[in-house]
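upload.tsv (TSV, C-alpha atoms) appears below.
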chain	number	residue	atom	x	y	z
X	73	ASP	CA	72.74	88.74	91.61
X	74	GLY	CA	69.19	89.35	92.71
X	75	GLY	CA	68.38	92.58	94.40
X	76	ILE	CA	66.87	96.02	94.32
X	77	THR	CA	68.47	98.90	92.49
X	78	GLN	CA	67.68	102.56	92.94
X	79	SER	CA	68.88	105.33	90.72
X	80	PRO	CA	70.27	107.87	90.81
X	81	LYS	CA	72.15	107.82	94.10
X	82	TYR	CA	71.87	111.62	94.32
X	83	LEU	CA	69.22	113.77	92.63
X	84	PHE	CA	68.84	117.51	92.53
X	85	ARG	CA	65.54	119.24	92.02
X	86	LYS	CA	64.88	122.82	91.09
X	87	GLU	CA	61.91	124.70	92.48
X	88	GLY	CA	58.68	123.80	90.65
X	89	GLN	CA	60.20	120.77	88.97
X	90	ASN	CA	58.94	117.19	89.00
X	91	VAL	CA	61.57	114.49	89.42
X	92	THR	CA	61.31	110.72	89.17
X	93	LEU	CA	63.20	108.21	91.28
X	94	SER	CA	63.77	104.78	89.82
X	95	CYS	CA	63.33	101.47	91.67
X	96	GLU	CA	63.88	98.11	89.96
X	97	GLN	CA	63.89	94.62	91.46
X	98	ASN	CA	64.78	91.25	89.94
X	99	LEU	CA	63.61	89.21	92.90
X	100	ASN	CA	60.24	88.38	91.33
X	101	HIS	CA	58.53	90.03	94.30
X	102	ASP	CA	54.88	90.99	94.06
X	103	ALA	CA	54.89	93.87	96.56
X	104	MET	CA	56.92	97.07	96.44
X	105	TYR	CA	57.16	100.07	98.76
X	106	TRP	CA	58.46	103.62	98.91
X	107	TYR	CA	59.63	105.21	102.15
X	108	ARG	CA	60.89	108.65	103.02
X	109	GLN	CA	63.56	108.98	105.69
X	110	ASP	CA	64.33	112.21	107.53
X	111	PRO	CA	66.73	112.52	110.48
X	112	GLY	CA	65.02	111.46	113.69
X	113	GLN	CA	61.79	110.52	111.88
X	114	GLY	CA	62.46	106.91	111.01
X	115	LEU	CA	60.85	105.52	107.86
X	116	ARG	CA	57.53	106.92	106.70
X	117	LEU	CA	55.52	105.07	104.07
X	118	ILE	CA	54.71	107.04	100.93
X	119	TYR	CA	53.07	104.48	98.63
X	120	TYR	CA	52.96	100.72	98.27
X	121	SER	CA	51.92	98.30	95.59
X	122	GLN	CA	50.69	94.79	96.22
X	123	ILE	CA	50.52	93.75	92.59
X	124	VAL	CA	51.04	95.12	89.11
X	125	ASN	CA	48.68	97.96	88.13
X	126	ASP	CA	47.64	98.51	91.73
X	127	PHE	CA	48.95	100.79	94.45
X	128	GLN	CA	47.80	102.38	97.71
X	129	LYS	CA	48.64	105.58	99.52
X	130	GLY	CA	50.75	105.39	102.62
X	131	ASP	CA	50.97	107.85	105.48
X	132	ILE	CA	52.55	110.75	103.55
X	133	ALA	CA	51.40	110.41	99.92
X	134	GLU	CA	50.64	114.09	99.30
X	135	GLY	CA	52.97	115.57	96.69
X	136	TYR	CA	54.04	112.17	95.36
X	137	SER	CA	52.82	109.85	92.62
X	138	VAL	CA	53.70	106.30	91.54
X	139	SER	CA	52.99	103.78	88.82
X	140	ARG	CA	53.31	99.99	88.67
X	141	GLU	CA	53.11	98.99	85.04
X	142	LYS	CA	55.65	96.19	85.37
X	143	LYS	CA	56.25	93.76	88.21
X	144	GLU	CA	59.91	94.70	88.50
X	145	SER	CA	59.54	98.49	88.44
X	146	PHE	CA	57.95	100.98	90.83
X	147	PRO	CA	59.03	104.56	90.01
X	148	LEU	CA	58.26	107.44	92.38
X	149	THR	CA	57.62	110.96	91.11
X	150	VAL	CA	58.16	113.83	93.48
X	151	THR	CA	55.92	116.58	92.20
X	152	SER	CA	56.18	120.34	92.61
X	153	ALA	CA	53.34	120.05	95.14
X	154	GLN	CA	55.78	118.46	97.60
X	155	LYS	CA	57.11	121.56	99.31
X	156	ASN	CA	59.82	119.92	101.36
X	157	PRO	CA	61.22	117.11	99.22
X	158	THR	CA	64.75	117.04	100.61
X	159	ALA	CA	65.14	113.57	102.14
X	160	PHE	CA	66.54	110.09	101.69
X	161	TYR	CA	64.16	107.85	99.72
X	162	LEU	CA	64.16	104.09	100.15
X	163	CYS	CA	62.49	101.52	97.95
X	164	ALA	CA	61.71	98.03	99.23
X	165	SER	CA	60.05	94.86	98.03
X	166	SER	CA	58.60	91.69	99.54
X	167	ILE	CA	57.66	88.31	98.08
X	168	ALA	CA	54.01	88.99	98.77
X	169	PRO	CA	52.04	91.75	100.43
X	170	GLY	CA	51.30	91.29	104.08
X	171	ALA	CA	52.34	92.18	107.57
X	172	GLY	CA	54.50	89.11	108.04
X	173	GLU	CA	56.56	89.49	104.91
X	174	THR	CA	60.19	90.51	105.14
X	175	GLN	CA	60.95	93.66	103.20
X	176	TYR	CA	64.20	93.92	101.24
X	177	PHE	CA	65.62	97.38	100.68
X	178	GLY	CA	67.48	99.16	97.93
X	179	PRO	CA	70.47	101.45	98.61
X	180	GLY	CA	68.41	104.64	98.54
X	181	THR	CA	68.32	107.93	96.63
X	182	ARG	CA	69.12	111.23	98.28
X	183	LEU	CA	67.06	114.10	96.89
X	184	LEU	CA	68.26	117.66	97.33
X	185	VAL	CA	66.56	120.89	96.35
X	186	LEU	CA	68.60	123.54	94.58
S	38	ALA	CA	46.71	104.22	118.15
S	39	GLN	CA	49.04	101.41	117.19
S	40	SER	CA	52.69	102.36	117.51
S	41	VAL	CA	56.27	101.20	117.73
S	42	THR	CA	58.57	102.94	120.20
S	43	GLN	CA	62.33	102.89	120.35
S	44	PRO	CA	62.98	104.90	123.52
S	45	ASP	CA	66.66	105.54	122.92
S	46	ILE	CA	67.54	107.94	120.11
S	47	HIS	CA	71.30	107.49	120.49
S	48	ILE	CA	73.41	105.00	122.45
S	49	THR	CA	77.18	104.93	122.85
S	50	VAL	CA	78.97	101.77	123.95
S	51	SER	CA	82.58	100.74	124.22
S	52	GLU	CA	83.94	98.14	121.87
S	53	GLY	CA	83.65	94.73	123.52
S	54	ALA	CA	80.82	95.80	125.81
S	55	SER	CA	77.36	94.29	125.70
S	56	LEU	CA	74.47	96.00	123.96
S	57	GLU	CA	70.73	96.11	124.39
S	58	LEU	CA	68.45	98.20	122.17
S	59	ARG	CA	64.87	98.58	123.28
S	60	CYS	CA	61.70	98.24	121.26
S	61	ASN	CA	58.12	98.43	122.55
S	62	TYR	CA	54.90	98.14	120.63
S	63	SER	CA	51.29	98.91	121.39
S	64	TYR	CA	49.07	96.44	119.61
S	65	GLY	CA	46.28	94.29	120.94
S	66	ALA	CA	47.64	91.04	119.59
S	67	THR	CA	51.11	89.60	119.13
S	68	PRO	CA	52.55	91.11	115.99
S	69	TYR	CA	55.26	89.98	113.65
S	70	LEU	CA	58.50	91.59	114.85
S	71	PHE	CA	61.62	92.61	112.95
S	72	TRP	CA	64.96	94.29	113.55
S	73	TYR	CA	66.81	96.01	110.70
S	74	VAL	CA	70.20	97.73	110.58
S	75	GLN	CA	71.20	100.67	108.38
S	76	SER	CA	74.76	101.83	107.75
S	77	PRO	CA	75.14	105.53	106.87
S	78	GLY	CA	73.81	106.35	103.41
S	79	GLN	CA	72.70	102.78	102.79
S	80	GLY	CA	69.51	100.78	102.69
S	81	LEU	CA	68.21	98.60	105.52
S	82	GLN	CA	69.34	95.02	106.13
S	83	LEU	CA	67.30	92.47	108.06
S	84	LEU	CA	68.98	91.30	111.26
S	85	LEU	CA	66.28	88.95	112.55
S	86	LYS	CA	62.54	88.41	112.83
S	87	TYR	CA	60.01	86.77	115.14
S	88	PHE	CA	56.77	85.19	114.05
S	89	SER	CA	55.97	82.57	116.68
S	90	GLY	CA	57.52	79.84	118.78
S	91	ASP	CA	60.75	80.28	120.71
S	92	THR	CA	60.80	83.80	122.10
S	93	LEU	CA	64.58	84.10	121.77
S	94	VAL	CA	65.52	84.67	118.15
S	95	GLN	CA	69.01	84.45	116.70
S	96	GLY	CA	70.03	86.69	113.84
S	97	ILE	CA	72.99	87.60	111.71
S	98	LYS	CA	76.18	89.30	112.92
S	99	GLY	CA	75.85	87.77	116.40
S	100	PHE	CA	72.61	89.59	117.30
S	101	GLU	CA	69.68	88.11	119.16
S	102	ALA	CA	66.32	89.45	120.31
S	103	GLU	CA	63.85	88.33	122.90
S	104	PHE	CA	60.10	88.71	122.62
S	105	LYS	CA	58.39	89.41	125.95
S	106	ARG	CA	54.63	89.39	125.60
S	107	SER	CA	54.00	90.70	129.12
S	108	GLN	CA	56.13	93.76	128.42
S	109	SER	CA	55.16	94.21	124.74
S	110	SER	CA	58.86	94.34	124.00
S	111	PHE	CA	61.30	92.93	121.48
S	112	ASN	CA	64.73	94.07	122.62
S	113	LEU	CA	67.84	93.50	120.52
S	114	ARG	CA	71.03	92.28	122.21
S	115	LYS	CA	74.63	91.53	121.41
S	116	PRO	CA	77.10	90.23	124.01
S	117	SER	CA	80.18	91.96	122.61
S	118	VAL	CA	79.98	94.96	120.29
S	119	HIS	CA	82.43	95.50	117.44
S	120	TRP	CA	83.28	98.87	115.92
S	121	SER	CA	81.59	97.77	112.70
S	122	ASP	CA	78.26	97.57	114.55
S	123	ALA	CA	78.04	101.37	114.59
S	124	ALA	CA	74.88	102.07	112.59
S	125	GLU	CA	71.21	102.89	113.00
S	126	TYR	CA	68.86	100.16	114.14
S	127	PHE	CA	65.15	100.00	113.39
S	128	CYS	CA	62.47	97.88	115.00
S	129	ALA	CA	59.43	97.10	112.86
S	130	VAL	CA	56.12	95.39	113.49
S	131	GLY	CA	53.49	93.83	111.30
S	132	LEU	CA	49.96	93.11	112.43
S	133	LEU	CA	48.50	89.65	112.34
S	134	ASN	CA	45.16	89.49	110.55
S	135	SER	CA	45.54	93.03	109.24
S	136	GLY	CA	45.13	92.12	105.62
S	137	ASN	CA	48.08	93.42	103.69
S	138	THR	CA	49.03	96.38	105.84
S	139	PRO	CA	52.76	97.05	105.49
S	140	LEU	CA	55.23	97.05	108.34
S	141	VAL	CA	55.33	99.95	110.78
S	142	PHE	CA	58.83	101.13	111.68
S	143	GLY	CA	60.12	102.76	114.85
S	144	LYS	CA	62.12	105.97	114.60
S	145	GLY	CA	65.42	104.19	115.08
S	146	THR	CA	68.31	104.09	117.55
S	147	ARG	CA	71.71	105.30	116.45
S	148	LEU	CA	74.56	103.25	117.89
S	149	SER	CA	78.02	104.72	118.31
S	150	VAL	CA	80.96	102.51	119.30
S	151	ILE	CA	84.02	103.93	121.01
S	152	ALA	CA	87.41	102.35	121.56

Would you mind writing the file's structure down as structure tokens?
Amino acid sequence: DGGITQSPKYLFRKEGQNVTLSCEQNLNHDAMYWYRQDPGQGLRLIYYSQIVNDFQKGDIAEGYSVSREKKESFPLTVTSAQKNPTAFYLCASSIAPGAGETQYFGPGTRLLVL
Amino acid sequence: AQSVTQPDIHITVSEGASLELRCNYSYGATPYLFWYVQSPGQGLQLLLKYFSGDTLVQGIKGFEAEFKRSQSSFNLRKPSVHWSDAAEYFCAVGLLNSGNTPLVFGKGTRLSVIA
């Protein structure tokens, strides 16, 4: 089945530690996205990638980093510079970049700070 | 500034009652419009979308939405709510002629369904 997978489902981070969230898609989509979701805040865009080896900052990129070395993979690293990382993280993809393209979402990863 | 507003943070309806969730946007031109649903602890699923043409759009799970240009609104409706509709609903907009700017999401409306 085609879709988007995110792992792990739950992730724990210690103070000062970098952690990486995985996002893989087998939909052959060009564009991929990372969102952060906090209660009452909706979805806020962290980074997006329109094509392999290219990515742009979203609204809340500080303290995060990404890479897009393969079309199907778009991992997100939460660095120690992100002081409040506890949130639900959603990965999405679309056939092509653009405002009219439907985004398809993965099941999410919940990050908790120990 | 361009924005998407969902005025209702939380709505409670009785099972079998009708539902309307509001969405307003502030853009100069007609945007692309989407409604997504999210069950607790899950990702988002597309309910329906509007690009052009007929302003009444049918979606999955018995939902529909109507685009009203004069009111800059894209409200989601369902004639009879089922307990399984309890979830969070997000409106999203995409700008025409904006290059490749991603969708902008509203803050969501949480729907509770009571017996």

Counting only C-alpha atoms, which residues of chain X come no farther than 6 Å from chain S, as a PyMOL selection string?
-> chain X and resi 113-114+169-172+177-180

Of the listed residues S:Lys98, S:Lys115, S:Arg59, S:His47, that which approaches X:Gly112 most closely, counting only C-alpha atoms = S:His47

Show which residues sit within 8 Å of X:Ser166, as a ChimeraX atom specification. Count all atoms listed in the file, and ignore same-chain residues fewer than 5 positions away.
-> /X:101-104,173-176

For C-alpha atoms, I'd like the residues from the last selection saved as a PDB file, in the coordinates of the input.
ATOM      1  CA  HIS X 101      58.530  90.030  94.300  1.00  0.00           C
ATOM      2  CA  ASP X 102      54.880  90.990  94.060  1.00  0.00           C
ATOM      3  CA  ALA X 103      54.890  93.870  96.560  1.00  0.00           C
ATOM      4  CA  MET X 104      56.920  97.070  96.440  1.00  0.00           C
ATOM      5  CA  GLU X 173      56.560  89.490 104.910  1.00  0.00           C
ATOM      6  CA  THR X 174      60.190  90.510 105.140  1.00  0.00           C
ATOM      7  CA  GLN X 175      60.950  93.660 103.200  1.00  0.00           C
ATOM      8  CA  TYR X 176      64.200  93.920 101.240  1.00  0.00           C
TER       9      TYR X 176
END

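Atom CA of X:Glu96 is positioned 17.0 Å from atom CA of X:Phe160.
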
Using only C-alpha atoms, which residues sit within 6 Å of X:Tyr161 once same-chain residues fewer than 2 positions away are excluded, as number ranges by chain?
-> X: 107-108, 180-181

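Taking all atoms listed in the file into account, S:Thr92 lies nearest to S:Ser110 out of the set S:Gln43, S:Ser110, S:Ser63, S:Ser76.
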
Using the partial input, fill out stretch 168-179 of chain X with all heavy atoms; write the result as a tab-separated table (two decimals), keeping the file's coordinate frame.
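File written: result-v1.tsv
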chain	number	residue	atom	x	y	z
X	168	ALA	N	55.45	88.79	98.88
X	168	ALA	CA	54.01	88.99	98.77
X	168	ALA	C	53.64	90.14	99.68
X	168	ALA	O	54.41	90.51	100.57
X	168	ALA	CB	53.28	87.71	99.20
X	169	PRO	N	52.48	90.73	99.47
X	169	PRO	CA	52.04	91.75	100.43
X	169	PRO	C	51.65	91.10	101.74
X	169	PRO	O	51.31	89.92	101.79
X	169	PRO	CB	50.82	92.36	99.73
X	169	PRO	CG	50.33	91.30	98.81
X	169	PRO	CD	51.53	90.53	98.38
X	170	GLY	N	51.72	91.85	102.81
X	170	GLY	CA	51.30	91.29	104.08
X	170	GLY	C	52.21	91.68	105.21
X	170	GLY	O	53.39	91.95	105.02
X	171	ALA	N	51.64	91.68	106.40
X	171	ALA	CA	52.34	92.18	107.57
X	171	ALA	C	53.48	91.27	108.00
X	171	ALA	O	54.39	91.71	108.69
X	171	ALA	CB	51.34	92.32	108.72
X	172	GLY	N	53.45	90.02	107.61
X	172	GLY	CA	54.50	89.11	108.04
X	172	GLY	C	55.64	88.96	107.06
X	172	GLY	O	56.57	88.20	107.31
X	173	GLU	N	55.57	89.67	105.96
X	173	GLU	CA	56.56	89.49	104.91
X	173	GLU	C	57.79	90.36	105.14
X	173	GLU	O	57.69	91.57	105.39
X	173	GLU	CB	55.96	89.84	103.54
X	173	GLU	CG	54.82	88.94	103.13
X	173	GLU	CD	55.27	87.50	102.92
X	173	GLU	OE1	56.46	87.27	102.60
X	173	GLU	OE2	54.42	86.60	103.07
X	174	THR	N	58.95	89.77	105.03
X	174	THR	CA	60.19	90.51	105.14
X	174	THR	C	60.33	91.46	103.96
X	174	THR	O	60.11	91.07	102.81
X	174	THR	CB	61.39	89.56	105.16
X	174	THR	OG1	61.28	88.70	106.29
X	174	THR	CG2	62.70	90.32	105.23
X	175	GLN	N	60.69	92.69	104.25
X	175	GLN	CA	60.95	93.66	103.20
X	175	GLN	C	62.46	93.74	102.94
X	175	GLN	O	63.26	93.76	103.88
X	175	GLN	CB	60.41	95.03	103.58
X	175	GLN	CG	58.89	95.06	103.62
X	175	GLN	CD	58.33	96.44	103.89
X	175	GLN	OE1	59.02	97.45	103.72
X	175	GLN	NE2	57.08	96.50	104.29
X	176	TYR	N	62.81	93.80	101.66
X	176	TYR	CA	64.20	93.92	101.24
X	176	TYR	C	64.38	95.30	100.63
X	176	TYR	O	63.57	95.72	99.81
X	176	TYR	CB	64.55	92.83	100.24
X	176	TYR	CG	64.42	91.44	100.82
X	176	TYR	CD1	63.20	90.77	100.81
X	176	TYR	CD2	65.51	90.81	101.42
X	176	TYR	CE1	63.06	89.51	101.37
X	176	TYR	CE2	65.38	89.54	101.98
X	176	TYR	CZ	64.15	88.91	101.96
X	176	TYR	OH	64.02	87.67	102.52
X	177	PHE	N	65.45	95.98	101.03
X	177	PHE	CA	65.62	97.38	100.68
X	177	PHE	C	66.69	97.62	99.64
X	177	PHE	O	67.70	96.91	99.58
X	177	PHE	CB	65.97	98.18	101.94
X	177	PHE	CG	64.80	98.40	102.84
X	177	PHE	CD1	64.38	97.41	103.72
X	177	PHE	CD2	64.10	99.60	102.81
X	177	PHE	CE1	63.28	97.61	104.55
X	177	PHE	CE2	63.00	99.81	103.63
X	177	PHE	CZ	62.60	98.81	104.50
X	178	GLY	N	66.46	98.66	98.83
X	178	GLY	CA	67.48	99.16	97.93
X	178	GLY	C	68.42	100.09	98.67
X	178	GLY	O	68.24	100.37	99.86
X	179	PRO	N	69.46	100.61	97.96
X	179	PRO	CA	70.47	101.45	98.61
X	179	PRO	C	70.04	102.89	98.84
X	179	PRO	O	70.75	103.63	99.53
X	179	PRO	CB	71.63	101.39	97.63
X	179	PRO	CG	70.99	101.15	96.31
X	179	PRO	CD	69.79	100.29	96.58
